[in-house]
$ cat coords16.cif   # mmCIF, C-alpha atoms and all ligand atoms
data_start
loop_
_atom_site.label_atom_id
_atom_site.label_comp_id
_atom_site.auth_asym_id
_atom_site.auth_seq_id
_atom_site.Cartn_x
_atom_site.Cartn_y
_atom_site.Cartn_z
CA MET P 1272 -1.69 -28.49 -4.86
CA SER P 1273 1.39 -26.42 -5.36
CA ARG P 1274 1.64 -22.77 -4.52
CA VAL P 1275 4.09 -20.38 -6.14
CA TYR P 1276 6.08 -17.57 -4.54
CA ASN P 1277 4.05 -14.60 -5.71
CA PHE P 1278 5.92 -11.29 -5.94
CA SER P 1279 3.00 -9.35 -7.43
CA ALA P 1280 2.65 -5.68 -6.49
CA GLY P 1281 -1.11 -6.11 -6.14
CA PRO P 1282 -3.44 -7.88 -5.89
CA ALA P 1283 -0.82 -9.75 -3.97
CA VAL P 1284 0.10 -12.68 -1.77
CA LEU P 1285 -2.10 -13.33 1.28
CA PRO P 1286 -1.23 -15.37 4.37
CA GLU P 1287 -1.87 -19.03 3.59
CA GLU P 1288 -3.41 -19.49 7.02
CA VAL P 1289 -6.02 -16.85 6.23
CA LEU P 1290 -6.89 -18.47 2.91
CA LYS P 1291 -7.26 -21.87 4.56
CA GLU P 1292 -9.54 -20.48 7.25
CA ALA P 1293 -11.67 -18.73 4.64
CA ALA P 1294 -11.86 -21.97 2.64
CA ALA P 1295 -13.01 -23.90 5.71
CA GLU P 1296 -15.72 -21.30 6.34
CA MET P 1297 -16.81 -20.98 2.73
CA LEU P 1298 -20.04 -22.97 2.90
CA ASP P 1299 -20.99 -22.38 6.51
CA TYR P 1300 -19.64 -19.35 8.36
CA GLN P 1301 -19.53 -20.26 12.06
CA GLY P 1302 -22.78 -22.17 12.11
CA SER P 1303 -24.77 -19.54 10.20
CA GLY P 1304 -25.39 -22.03 7.37
CA GLN P 1305 -24.24 -19.41 4.84
CA SER P 1306 -21.09 -18.14 3.25
CA VAL P 1307 -20.05 -14.59 4.18
CA MET P 1308 -20.56 -13.88 0.46
CA GLU P 1309 -24.23 -14.66 0.81
CA MET P 1310 -25.26 -12.93 4.01
CA SER P 1311 -26.94 -9.57 4.52
CA HIS P 1312 -24.62 -6.74 5.43
CA ARG P 1313 -27.31 -5.73 7.93
CA SER P 1314 -27.29 -9.10 9.72
CA LYS P 1315 -26.04 -9.54 13.27
CA VAL P 1316 -23.40 -12.00 12.08
CA TYR P 1317 -21.97 -9.52 9.58
CA ASP P 1318 -22.16 -6.64 12.01
CA LYS P 1319 -19.77 -8.52 14.27
CA ILE P 1320 -17.39 -9.19 11.35
CA ILE P 1321 -17.04 -5.51 10.40
CA LYS P 1322 -16.94 -4.24 14.02
CA ASP P 1323 -14.27 -6.78 14.98
CA ALA P 1324 -12.26 -5.85 11.88
CA GLU P 1325 -12.32 -2.19 12.88
CA GLN P 1326 -11.40 -2.93 16.49
CA ASP P 1327 -8.51 -5.19 15.51
CA LEU P 1328 -7.18 -2.52 13.14
CA ARG P 1329 -7.47 0.08 15.92
CA ASP P 1330 -5.52 -2.21 18.25
CA LEU P 1331 -2.82 -2.93 15.67
CA MET P 1332 -2.25 0.70 14.69
CA ASN P 1333 -3.04 2.26 18.05
CA ILE P 1334 -5.56 4.54 16.36
CA PRO P 1335 -6.57 7.43 18.66
CA ASP P 1336 -10.27 7.84 19.53
CA ASN P 1337 -10.59 11.06 17.56
CA TYR P 1338 -9.98 9.22 14.27
CA LYS P 1339 -12.69 7.42 12.28
CA VAL P 1340 -11.98 4.23 10.37
CA LEU P 1341 -13.89 3.92 7.10
CA PHE P 1342 -14.16 0.94 4.75
CA LEU P 1343 -14.82 2.40 1.29
CA GLN P 1344 -15.05 1.38 -2.35
CA GLY P 1345 -13.69 2.88 -5.56
CA GLY P 1346 -10.05 2.01 -4.93
CA ALA P 1347 -7.28 4.37 -3.96
CA SER P 1348 -7.83 6.07 -7.32
CA GLN P 1349 -11.27 7.31 -6.34
CA PHE P 1350 -9.89 8.53 -3.04
CA PHE P 1351 -7.59 10.86 -5.05
CA ALA P 1352 -10.79 12.88 -5.72
CA GLU P 1353 -12.32 12.41 -2.28
CA VAL P 1354 -9.39 14.19 -0.63
CA PRO P 1355 -9.95 17.55 -2.39
CA MET P 1356 -13.75 17.16 -2.32
CA ASN P 1357 -13.71 16.82 1.45
CA MET P 1358 -10.69 18.91 2.39
CA MET P 1359 -10.19 21.78 -0.08
CA LYS P 1360 -11.94 24.54 1.85
CA ASN P 1361 -9.50 27.14 0.47
CA LYS P 1362 -9.24 25.31 -2.83
CA LYS P 1363 -5.48 25.02 -2.51
CA ALA P 1364 -3.19 22.17 -1.52
CA GLY P 1365 0.44 21.09 -1.80
CA TYR P 1366 1.56 17.84 -3.42
CA ILE P 1367 4.93 16.09 -3.30
CA LEU P 1368 5.52 14.17 -6.51
CA THR P 1369 7.39 10.93 -5.94
CA GLY P 1370 5.93 8.75 -8.66
CA GLN P 1371 2.93 7.82 -10.71
CA TRP P 1372 0.41 7.48 -7.89
CA ALA P 1373 1.32 10.87 -6.42
CA LYS P 1374 1.12 12.38 -9.91
CA LYS P 1375 -2.31 10.90 -10.48
CA ALA P 1376 -3.56 12.25 -7.15
CA PHE P 1377 -2.08 15.64 -8.07
CA ALA P 1378 -3.82 15.65 -11.48
CA GLU P 1379 -7.11 14.71 -9.83
CA ALA P 1380 -6.81 17.53 -7.27
CA LYS P 1381 -6.32 20.01 -10.10
CA ILE P 1382 -9.89 19.31 -11.21
CA TYR P 1383 -11.14 20.78 -7.94
CA GLY P 1384 -8.74 23.57 -7.05
CA GLU P 1385 -5.18 24.79 -7.12
CA ALA P 1386 -2.81 21.89 -6.58
CA VAL P 1387 0.76 23.09 -6.08
CA GLU P 1388 3.86 20.97 -6.71
CA LEU P 1389 5.93 21.31 -3.52
CA ALA P 1390 8.79 19.00 -4.57
CA SER P 1391 9.46 16.27 -7.08
CA SER P 1392 11.92 13.50 -7.82
CA ALA P 1393 10.95 13.26 -11.49
CA ASP P 1394 14.45 14.46 -12.53
CA LYS P 1395 15.93 11.05 -11.60
CA THR P 1396 12.98 8.81 -12.55
CA PHE P 1397 11.62 8.95 -8.99
CA SER P 1398 14.55 6.94 -7.63
CA TYR P 1399 14.72 8.98 -4.41
CA ILE P 1400 12.58 10.97 -1.96
CA PRO P 1401 13.16 14.73 -2.22
CA ASP P 1402 14.30 16.80 0.74
CA CYS P 1403 11.10 17.80 2.55
CA SER P 1404 12.53 19.82 5.42
CA ASP P 1405 11.67 23.27 4.05
CA LEU P 1406 8.97 23.11 1.40
CA PRO P 1407 7.27 26.17 -0.15
CA ILE P 1408 4.10 25.59 1.88
CA THR P 1409 1.86 28.64 2.14
CA ASP P 1410 -0.66 29.53 4.82
CA ASP P 1411 -3.66 29.19 2.55
CA MET P 1412 -3.02 25.52 1.75
CA ASP P 1413 -5.63 23.10 3.06
CA TYR P 1414 -3.26 20.13 3.31
CA VAL P 1415 0.00 18.55 2.18
CA TYR P 1416 -0.23 15.28 0.24
CA ILE P 1417 2.26 12.42 -0.04
CA CYS P 1418 2.40 8.90 -1.39
CA GLU P 1419 4.36 7.35 1.46
CA ASN P 1420 5.56 4.18 -0.26
CA ASN P 1421 5.97 4.30 -4.01
CA THR P 1422 4.89 0.91 -5.25
CA ILE P 1423 6.23 1.33 -8.78
CA TYR P 1424 9.57 3.02 -8.05
CA GLY P 1425 10.34 1.33 -4.73
CA THR P 1426 10.97 4.38 -2.55
CA LYS P 1427 9.64 5.13 0.91
CA TYR P 1428 9.68 8.21 3.14
CA LYS P 1429 11.89 7.37 6.13
CA LYS P 1430 10.91 10.67 7.70
CA LEU P 1431 7.62 12.50 7.19
CA PRO P 1432 7.79 15.93 5.52
CA ASN P 1433 7.81 19.09 7.57
CA THR P 1434 4.30 20.32 6.73
CA LYS P 1435 4.72 23.59 8.66
CA GLY P 1436 1.64 22.82 10.70
CA LYS P 1437 -0.57 21.83 7.76
CA ASP P 1438 -2.59 18.62 7.74
CA LEU P 1439 -0.77 15.67 6.21
CA VAL P 1440 -2.62 13.27 3.89
CA ALA P 1441 -0.84 10.02 3.04
CA ASP P 1442 -1.54 7.26 0.55
CA VAL P 1443 -0.08 4.19 2.27
CA SER P 1444 -1.53 1.58 -0.09
CA SER P 1445 1.68 -0.42 -0.42
CA CYS P 1446 3.06 -0.02 3.12
CA PHE P 1447 -0.16 -0.38 5.12
CA LEU P 1448 0.55 -2.36 8.32
CA SER P 1449 4.14 -3.09 7.31
CA GLU P 1450 5.50 -1.28 10.39
CA PRO P 1451 4.17 0.80 13.31
CA VAL P 1452 3.00 4.37 12.56
CA ASP P 1453 2.12 7.30 14.75
CA VAL P 1454 -1.39 8.00 13.45
CA SER P 1455 -1.57 11.34 15.26
CA LYS P 1456 1.05 12.76 12.87
CA TYR P 1457 -1.41 12.46 9.99
CA ALA P 1458 -4.79 14.03 9.23
CA VAL P 1459 -5.71 11.24 6.83
CA ILE P 1460 -4.09 7.86 6.18
CA TYR P 1461 -5.58 5.72 3.47
CA GLY P 1462 -4.83 2.83 1.19
CA GLY P 1463 -6.25 0.29 -1.17
CA VAL P 1464 -6.14 -3.03 0.69
CA GLN P 1465 -5.12 -5.18 -2.28
CA LYS P 1466 -1.41 -4.51 -1.78
CA ASN P 1467 -0.52 -5.47 1.77
CA VAL P 1468 -3.82 -6.22 3.51
CA GLY P 1469 -6.47 -8.18 1.64
CA PRO P 1470 -8.23 -8.87 -1.64
CA ALA P 1471 -9.12 -6.01 -4.00
CA GLY P 1472 -12.29 -4.02 -3.52
CA CYS P 1473 -11.80 -1.88 -0.46
CA VAL P 1474 -10.00 1.25 0.65
CA ILE P 1475 -9.42 1.79 4.34
CA ALA P 1476 -9.31 5.42 5.41
CA ILE P 1477 -8.32 6.65 8.86
CA ILE P 1478 -9.54 10.22 9.14
CA ARG P 1479 -9.27 12.75 11.97
CA GLU P 1480 -12.79 13.53 13.11
CA ASP P 1481 -12.73 17.30 12.70
CA LEU P 1482 -12.21 16.82 8.93
CA ILE P 1483 -15.48 14.96 8.61
CA THR P 1484 -18.08 17.67 7.99
CA ASP P 1485 -20.92 18.64 5.67
CA ASP P 1486 -18.70 21.35 4.27
CA CYS P 1487 -17.57 19.58 1.10
CA LEU P 1488 -17.05 21.06 -2.35
CA PRO P 1489 -20.35 21.78 -4.13
CA GLY P 1490 -21.42 18.81 -6.22
CA THR P 1491 -19.69 16.19 -4.05
CA PRO P 1492 -21.71 12.97 -4.48
CA THR P 1493 -23.39 11.66 -1.31
CA MET P 1494 -21.33 8.48 -1.45
CA LEU P 1495 -18.04 10.38 -1.59
CA LYS P 1496 -18.74 12.57 1.42
CA TRP P 1497 -16.80 11.17 4.35
CA LYS P 1498 -19.63 12.35 6.61
CA THR P 1499 -22.10 10.03 4.90
CA GLN P 1500 -19.80 7.08 5.41
CA ALA P 1501 -18.84 8.01 8.97
CA ASP P 1502 -22.45 8.63 10.08
CA ASN P 1503 -23.34 5.17 8.82
CA ASP P 1504 -20.27 3.27 10.10
CA SER P 1505 -19.31 2.40 6.49
CA LEU P 1506 -22.75 0.81 5.97
CA TYR P 1507 -24.51 3.60 4.07
CA ASN P 1508 -24.88 1.14 1.22
CA THR P 1509 -23.63 -2.40 0.68
CA PRO P 1510 -19.93 -2.47 1.56
CA PRO P 1511 -17.41 -4.89 -0.01
CA CYS P 1512 -18.49 -7.50 2.55
CA TYR P 1513 -16.23 -10.39 1.66
CA THR P 1514 -13.13 -8.23 1.27
CA ILE P 1515 -13.67 -6.68 4.70
CA TYR P 1516 -14.10 -10.16 6.16
CA ILE P 1517 -10.74 -11.29 4.74
CA CYS P 1518 -9.06 -8.06 5.90
CA GLY P 1519 -10.41 -8.82 9.38
CA LYS P 1520 -8.77 -12.22 9.24
CA VAL P 1521 -5.48 -10.66 8.16
CA PHE P 1522 -5.69 -8.27 11.16
CA LYS P 1523 -6.12 -11.24 13.48
CA TRP P 1524 -3.19 -12.98 11.78
CA LEU P 1525 -1.03 -9.88 12.26
CA LYS P 1526 -1.96 -9.75 15.94
CA LYS P 1527 -1.05 -13.40 16.33
CA MET P 1528 2.26 -12.79 14.54
CA GLY P 1529 3.13 -10.22 17.20
CA GLY P 1530 1.77 -6.97 15.77
CA LEU P 1531 3.41 -4.26 13.72
CA GLU P 1532 6.68 -4.06 15.68
CA LYS P 1533 7.25 -7.70 14.85
CA MET P 1534 6.20 -7.19 11.21
CA LYS P 1535 8.71 -4.37 10.89
CA GLU P 1536 11.46 -6.61 12.22
CA LEU P 1537 10.51 -9.39 9.80
CA ASN P 1538 10.14 -7.02 6.86
CA GLU P 1539 13.55 -5.48 7.53
CA LYS P 1540 15.09 -8.92 7.68
CA LYS P 1541 13.46 -9.98 4.40
CA ALA P 1542 14.37 -6.78 2.55
CA LYS P 1543 17.98 -6.96 3.78
CA ILE P 1544 18.44 -10.41 2.23
CA LEU P 1545 17.45 -9.07 -1.17
CA TYR P 1546 19.16 -5.68 -0.99
CA ASP P 1547 22.42 -7.17 0.32
CA TYR P 1548 22.54 -9.46 -2.67
CA LEU P 1549 21.67 -6.65 -5.12
CA ASP P 1550 24.54 -4.63 -3.65
CA GLU P 1551 27.11 -7.38 -4.22
CA SER P 1552 25.75 -8.78 -7.50
CA LYS P 1553 27.52 -8.01 -10.79
CA LEU P 1554 24.49 -8.86 -12.88
CA PHE P 1555 21.62 -7.27 -10.94
CA VAL P 1556 21.40 -3.81 -9.48
CA GLY P 1557 18.73 -1.99 -7.45
CA THR P 1558 17.33 1.23 -8.93
CA VAL P 1559 16.73 3.25 -5.74
CA VAL P 1560 19.18 5.27 -3.61
CA LYS P 1561 20.00 3.30 -0.47
CA GLU P 1562 18.56 5.65 2.10
CA ASP P 1563 15.08 5.74 0.51
CA ARG P 1564 14.61 2.06 -0.25
CA SER P 1565 11.18 0.56 0.37
CA LEU P 1566 10.80 -2.53 2.55
CA MET P 1567 7.89 -3.65 0.40
CA ASN P 1568 8.68 -3.10 -3.29
CA VAL P 1569 12.15 -3.82 -4.61
CA PRO P 1570 12.78 -2.81 -8.24
CA PHE P 1571 15.98 -3.97 -9.93
CA VAL P 1572 17.46 -4.27 -13.40
CA CYS P 1573 20.27 -6.11 -15.16
CA ASN P 1574 23.46 -4.11 -15.04
CA ILE P 1575 24.21 -4.31 -18.79
CA ALA P 1576 25.05 -1.20 -20.80
CA ASP P 1577 23.81 -2.46 -24.16
CA LYS P 1578 20.05 -1.87 -24.10
CA GLU P 1579 19.17 -4.78 -26.35
CA LYS P 1580 21.30 -7.25 -24.36
CA LYS P 1581 19.86 -5.91 -21.11
CA ASP P 1582 16.27 -6.40 -22.28
CA GLU P 1583 17.13 -9.89 -23.48
CA MET P 1584 18.73 -10.90 -20.19
CA GLU P 1585 15.84 -9.50 -18.16
CA ALA P 1586 13.28 -11.35 -20.27
CA LYS P 1587 15.31 -14.55 -19.86
CA PHE P 1588 15.46 -14.05 -16.10
CA ILE P 1589 11.73 -13.43 -15.77
CA LYS P 1590 10.93 -16.46 -17.90
CA GLU P 1591 13.22 -18.82 -15.98
CA ALA P 1592 12.11 -17.42 -12.63
CA THR P 1593 8.47 -18.00 -13.54
CA GLU P 1594 9.24 -21.60 -14.55
CA ALA P 1595 10.96 -22.09 -11.20
CA GLY P 1596 7.87 -20.87 -9.31
CA PHE P 1597 8.82 -17.22 -8.64
CA VAL P 1598 6.02 -15.34 -10.36
CA ASN P 1599 5.02 -11.75 -11.14
CA LEU P 1600 8.57 -10.42 -11.07
CA LYS P 1601 8.19 -8.25 -14.15
CA GLY P 1602 8.69 -4.56 -13.37
CA HIS P 1603 5.95 -2.00 -13.94
CA ARG P 1604 5.42 -1.26 -17.62
CA THR P 1605 6.67 2.32 -17.12
CA VAL P 1606 9.96 1.27 -15.47
CA GLY P 1607 10.87 -2.05 -17.06
CA GLY P 1608 13.27 -4.51 -15.45
CA MET P 1609 12.09 -6.46 -12.44
CA ARG P 1610 10.30 -5.76 -9.20
CA ALA P 1611 9.89 -8.06 -6.23
CA SER P 1612 7.08 -7.04 -3.92
CA ILE P 1613 7.75 -8.65 -0.56
CA TYR P 1614 4.68 -7.77 1.48
CA ASN P 1615 3.84 -8.99 5.00
CA ALA P 1616 2.49 -12.30 3.73
CA MET P 1617 5.64 -13.21 1.76
CA PRO P 1618 7.45 -15.73 3.93
CA ILE P 1619 11.16 -15.24 4.56
CA GLU P 1620 11.86 -18.53 2.71
CA GLY P 1621 10.32 -16.96 -0.38
CA VAL P 1622 12.95 -14.22 -0.39
CA GLU P 1623 15.78 -16.59 0.53
CA LYS P 1624 14.87 -18.95 -2.30
CA LEU P 1625 14.51 -16.08 -4.77
CA VAL P 1626 18.01 -14.85 -3.92
CA GLU P 1627 19.36 -18.39 -4.26
CA PHE P 1628 17.75 -18.58 -7.68
CA MET P 1629 19.19 -15.19 -8.69
CA LYS P 1630 22.68 -16.27 -7.62
CA LYS P 1631 22.40 -19.41 -9.69
CA PHE P 1632 21.14 -17.42 -12.67
CA GLU P 1633 24.00 -14.97 -12.32
CA LYS P 1634 26.57 -17.78 -12.30
CA GLU P 1635 25.03 -19.44 -15.34
CA ASN P 1636 24.95 -16.18 -17.27
CA ALA P 1637 28.30 -14.68 -16.26
C1 LIG C 1 -2.02 0.48 -6.42
C2 LIG C 1 -1.92 1.85 -5.88
C3 LIG C 1 -2.92 2.82 -6.09
C4 LIG C 1 -4.13 2.55 -6.95
O1 LIG C 1 -5.00 1.69 -6.31
P1 LIG C 1 -6.43 1.32 -6.91
O2 LIG C 1 -7.09 0.71 -5.73
O3 LIG C 1 -6.19 0.37 -8.03
O4 LIG C 1 -7.09 2.57 -7.36
C5 LIG C 1 -2.75 4.05 -5.51
N1 LIG C 1 -1.68 4.34 -4.76
C6 LIG C 1 -0.70 3.44 -4.53
C7 LIG C 1 0.47 3.82 -3.69
C8 LIG C 1 -0.80 2.17 -5.08
O5 LIG C 1 0.18 1.28 -4.85
#
$ encode --input "coords16.cif" --output "C-alpha cells" --more "lines below"
Ligand SMILES: *Cc1c(COP(=O)(O)O)cnc(C)c1O
Amino acid sequence: MSRVYNFSAGPAVLPEEVLKEAAAEMLDYQGSGQSVMEMSHRSKVYDKIIKDAEQDLRDLMNIPDNYKVLFLQGGASQFFAEVPMNMMKNKKAGYILTGQWAKKAFAEAKIYGEAVELASSADKTFSYIPDCSDLPITDDMDYVYICENNTIYGTKYKKLPNTKGKDLVADVSSCFLSEPVDVSKYAVIYGGVQKNVGPAGCVIAIIREDLITDDCLPGTPTMLKWKTQADNDSLYNTPPCYTIYICGKVFKWLKKMGGLEKMKELNEKKAKILYDYLDESKLFVGTVVKEDRSLMNVPFVCNIADKEKKDEMEAKFIKEATEAGFVNLKGHRTVGGMRASIYNAMPIEGVEKLVEFMKKFEKENA
C-alpha cells in the first residue's frame, strides 16, 4: 500500500489513524456483529455514536448550552437556502461577497427576500477580505452573512465584521475546527464536513436556540425547518449515519491531538512553511494579500508574464507533482494555477516534502 499526499480542497485528506480504526471496525463494530453502515439509526449502539459525536464537538469548540448542534444533509449548498427560510423574518439580509460560495449563498437568498451586498472583493478577483468595520447595515436586516474561509480564493477573515448588533451567519466549511472560535459571537456557524472534518454527506450547523422556531418562510419544507431537526436531535429521518460516525472519530482524534489550540499552532506552522517559500520563490507566487491568507487553502501561480508559457509551466508542474505523489494540486477551474489545501489531517511532512519538491522543480526550470 502506498498513500499519496492529497492536497484536495474536498473531499479531502482524513487522519490515517481514523481510517485504520474504521477499517478495523468495518465488519463488526464493537461487538455488535454489524458494520455501522448496516445498523439502524434508531439502535442503542448508533444512538451512542451520534450523542458522543455531538458531545465531543461541544467539548472541542466550547459550544455554549444555548446553541443546538444539528447534523444535516444537502451539503452547504442546501444550507444557503435554509438560512433565509429560517431567518428572514423581515425578508432582508446583508451579504459580504468574498468569493464564489458567498456569491452562491447571496443568489440563493435573493429567491426568498431582499439580499443586500454589503461589501465585495470582486474588483481584485477576491484576493483580499474587504474592510468590514463600517458596513451599510440597516436596522431592518435579519442577519449578516459571511463565508469565513474562502476555499477557492484562499482568503480568511482574521477579524469578524462589525455587524452593528445584527446576527452573524458564517459558512466555515473549509476552516471548521482548524482553530479555536468564540461561538457566542455568531448566531449560526455551519459547514459541509467534507473539507476539514469527515467524508462527504453531512453539514454540521451550530445554531443559537432562539433562532429555532416555527416561524419560517411560508412553504419551507418540513425537512429544512431547523425546528424539525432540533426537536428530533437530527434523527427526524435517516441521517448520514456513516459520515457522522467518521466525524465522531475525527473529533476524538482532534481531542487526542490536543484540541483546537494545538491544531491552530500546527496549522500556522504548516502554512508558514509554504507561504515563506512562495514569498522567496522566483517561479511561484501566492495570489492572496498577506494579511488575509488562509491557513487551509493556499492558491499560487507561476510568476510568468507570457500567458501561454505560464499555462505550460503550471501544467508541467501539476503533472510532475502528481507523478511524485503530490496529488490534487490543480487550482479551481475558475482561478487556474495551483492550490494546496493543507487541512488538519495533512501532516507537516506533507507540506515540507511539497516545498522540497517545488524548490527542486524551480531549480530545474530556472
Ligand atoms: C465546498 C464549499 C461549499 C459547498 O459545499 P457542498 O457541501 O458541496 O454544497 C460551500 N461553502 C464553502 C466555503 C465550501 O468550501
$ residues_near_point --input "coords16.cif" --point "(-0.9, -6.5, -0.6)" --cutoff "7 Å" --atoms "all atoms listed in the file" --output "PyMOL selection string"
chain P and resi 1280-1284+1445+1464-1469+1614
$ write_last_selection --input "coords16.cif" --atoms "C-alpha atoms" --output "short mmCIF file (atom, residue, chain, number, x, y, z; two decimals), in the coordinates of the input"
data_model
loop_
_atom_site.label_atom_id
_atom_site.label_comp_id
_atom_site.auth_asym_id
_atom_site.auth_seq_id
_atom_site.Cartn_x
_atom_site.Cartn_y
_atom_site.Cartn_z
CA ALA P 1280 2.65 -5.68 -6.49
CA GLY P 1281 -1.11 -6.11 -6.14
CA PRO P 1282 -3.44 -7.88 -5.89
CA ALA P 1283 -0.82 -9.75 -3.97
CA VAL P 1284 0.10 -12.68 -1.77
CA SER P 1445 1.68 -0.42 -0.42
CA VAL P 1464 -6.14 -3.03 0.69
CA GLN P 1465 -5.12 -5.18 -2.28
CA LYS P 1466 -1.41 -4.51 -1.78
CA ASN P 1467 -0.52 -5.47 1.77
CA VAL P 1468 -3.82 -6.22 3.51
CA GLY P 1469 -6.47 -8.18 1.64
CA TYR P 1614 4.68 -7.77 1.48
#
$ residues_near_ligand --input "coords16.cif" --ligand "ligand LIG 1 (chain C)" --cutoff "7 Å" --atoms "all atoms listed in the file" --output "ChimeraX atom specification"
/P:1281,1345-1349,1372,1418,1420-1422,1442-1445,1462-1463,1466
$ residues_around --input "coords16.cif" --residues "Ser1612 (chain P)" --least-positions-apart "6" --cutoff "8 Å" --atoms "all atoms listed in the file" --output "ChimeraX atom specification"
/P:1278-1280,1567-1569
$ atom_distance --input "coords16.cif" --atom1 "CA of Asp1413 (chain P)" --atom2 "CA of Ala1378 (chain P)"
16.4 Å
$ closest_atom_pairs --input "coords16.cif" --of "region 1476-1505 of chain P" --to "region 1305-1314 of chain P" --cutoff "12 Å" --atoms "only C-alpha atoms" --output "CSV"
residue,atom,partner,partner_atom,distance
P:Asn1503,CA,P:Arg1313,CA,11.6
P:Asp1504,CA,P:Arg1313,CA,11.6
P:Ser1505,CA,P:His1312,CA,10.6
$ write_last_selection --input "coords16.cif" --atoms "C-alpha atoms" --output "JSON list (two decimals), in the frame of the given file"
[["chain", "number", "residue", "atom", "x", "y", "z"],
["P", 1503, "ASN", "CA", -23.34, 5.17, 8.82],
["P", 1504, "ASP", "CA", -20.27, 3.27, 10.10],
["P", 1505, "SER", "CA", -19.31, 2.40, 6.49]]
$ residues_around --input "coords16.cif" --residues "Ala1380 (chain P)" --least-positions-apart "3" --cutoff "10 Å" --atoms "all atoms listed in the file" --output "list of chain:residue names"
P:Phe1351, P:Ala1352, P:Glu1353, P:Val1354, P:Pro1355, P:Met1356, P:Met1359, P:Lys1362, P:Lys1363, P:Ala1364, P:Gly1365, P:Tyr1366, P:Lys1374, P:Lys1375, P:Ala1376, P:Phe1377, P:Tyr1383, P:Gly1384, P:Glu1385, P:Ala1386, P:Val1387
$ residues_around --input "coords16.cif" --residues "Ser1398 (chain P)" --least-positions-apart "3" --cutoff "8 Å" --atoms "only C-alpha atoms" --output "ChimeraX atom specification"
/P:1392,1395,1424-1426,1558-1560
$ atom_distance --input "coords16.cif" --atom1 "CA of Lys1427 (chain P)" --atom2 "CA of Glu1562 (chain P)"
9.0 Å
$ residues_around --input "coords16.cif" --residues "Thr1514 (chain P)" --least-positions-apart "2" --cutoff "8 Å" --atoms "all atoms listed in the file" --output "count of residues only"
10
$ atom_distance --input "coords16.cif" --atom1 "CA of Phe1342 (chain P)" --atom2 "CA of Lys1291 (chain P)"
23.8 Å
$ residues_around --input "coords16.cif" --residues "Tyr1457 (chain P)" --least-positions-apart "5" --cutoff "7 Å" --atoms "all atoms listed in the file" --output "PDB file with C-alpha atoms, keeping the file's coordinate frame"
ATOM      1  CA  ASP P1438      -2.590  18.620   7.740  1.00  0.00           C
ATOM      2  CA  LEU P1439      -0.770  15.670   6.210  1.00  0.00           C
ATOM      3  CA  VAL P1440      -2.620  13.270   3.890  1.00  0.00           C
TER       4      VAL P1440
END
$ residues_near_point --input "coords16.cif" --point "(2.3, -1.9, 12.5)" --cutoff "9 Å" --atoms "all atoms listed in the file" --output "list in words"
Leu1331, Met1332, Asn1333, Phe1447, Leu1448, Ser1449, Glu1450, Pro1451, Val1452, Leu1525, Gly1530, Leu1531, Glu1532, Lys1533, Met1534 and Lys1535 of chain P
$ closest_residue --input "coords16.cif" --among "P:Asn1361, P:Pro1489, P:Leu1506, P:Tyr1338" --to "Lys1456 (chain P)" --atoms "all atoms listed in the file"
P:Tyr1338
$ closest_residue --input "coords16.cif" --among "P:Val1289, P:Ile1423, P:Met1297, P:Ile1475" --to "Leu1343 (chain P)" --atoms "only C-alpha atoms"
P:Ile1475
$ closest_residue --input "coords16.cif" --among "P:Phe1555, P:Tyr1428, P:Tyr1276, P:Tyr1317" --to "Pro1510 (chain P)" --atoms "all atoms listed in the file"
P:Tyr1317
$ closest_residue --input "coords16.cif" --among "P:Glu1591, P:Asp1336, P:Glu1635, P:Glu1585" --to "Val1454 (chain P)" --atoms "all atoms listed in the file"
P:Asp1336
$ closest_residue --input "coords16.cif" --among "P:Lys1520, P:Lys1360, P:Lys1634, P:Lys1496" --to "Ile1321 (chain P)" --atoms "only C-alpha atoms"
P:Lys1520
$ closest_residue --input "coords16.cif" --among "P:Asn1574, P:Thr1409, P:Ser1455, P:Ser1303" --to "Ala1637 (chain P)" --atoms "only C-alpha atoms"
P:Asn1574
$ decode --input "coords16.cif" --residues "region 1625-1634 of chain P" --atoms "N, CA and C atoms" --output "mmCIF file, in the first residue's frame"
data_model
loop_
_atom_site.group_PDB
_atom_site.id
_atom_site.type_symbol
_atom_site.label_atom_id
_atom_site.label_comp_id
_atom_site.auth_asym_id
_atom_site.auth_seq_id
_atom_site.Cartn_x
_atom_site.Cartn_y
_atom_site.Cartn_z
ATOM 1 N N LEU P 1625 6.380 18.765 -0.049
ATOM 2 C CA LEU P 1625 5.874 19.510 -1.206
ATOM 3 C C LEU P 1625 6.802 20.691 -1.518
ATOM 4 N N VAL P 1626 7.193 21.414 -0.476
ATOM 5 C CA VAL P 1626 8.068 22.577 -0.681
ATOM 6 C C VAL P 1626 9.426 22.126 -1.229
ATOM 7 N N GLU P 1627 9.945 21.032 -0.713
ATOM 8 C CA GLU P 1627 11.193 20.468 -1.257
ATOM 9 C C GLU P 1627 11.043 20.196 -2.754
ATOM 10 N N PHE P 1628 9.919 19.587 -3.092
ATOM 11 C CA PHE P 1628 9.658 19.261 -4.496
ATOM 12 C C PHE P 1628 9.564 20.532 -5.343
ATOM 13 N N MET P 1629 8.893 21.553 -4.807
ATOM 14 C CA MET P 1629 8.751 22.815 -5.551
ATOM 15 C C MET P 1629 10.109 23.479 -5.770
ATOM 16 N N LYS P 1630 10.960 23.410 -4.762
ATOM 17 C CA LYS P 1630 12.305 24.002 -4.878
ATOM 18 C C LYS P 1630 13.096 23.302 -5.982
ATOM 19 N N LYS P 1631 12.989 21.989 -5.990
ATOM 20 C CA LYS P 1631 13.695 21.206 -6.995
ATOM 21 C C LYS P 1631 13.162 21.553 -8.391
ATOM 22 N N PHE P 1632 11.860 21.655 -8.492
ATOM 23 C CA PHE P 1632 11.231 21.988 -9.775
ATOM 24 C C PHE P 1632 11.682 23.382 -10.231
ATOM 25 N N GLU P 1633 11.733 24.301 -9.302
ATOM 26 C CA GLU P 1633 12.149 25.660 -9.641
ATOM 27 C C GLU P 1633 13.579 25.685 -10.187
ATOM 28 N N LYS P 1634 14.462 24.940 -9.532
ATOM 29 C CA LYS P 1634 15.864 24.863 -9.963
ATOM 30 C C LYS P 1634 15.951 24.290 -11.377
#
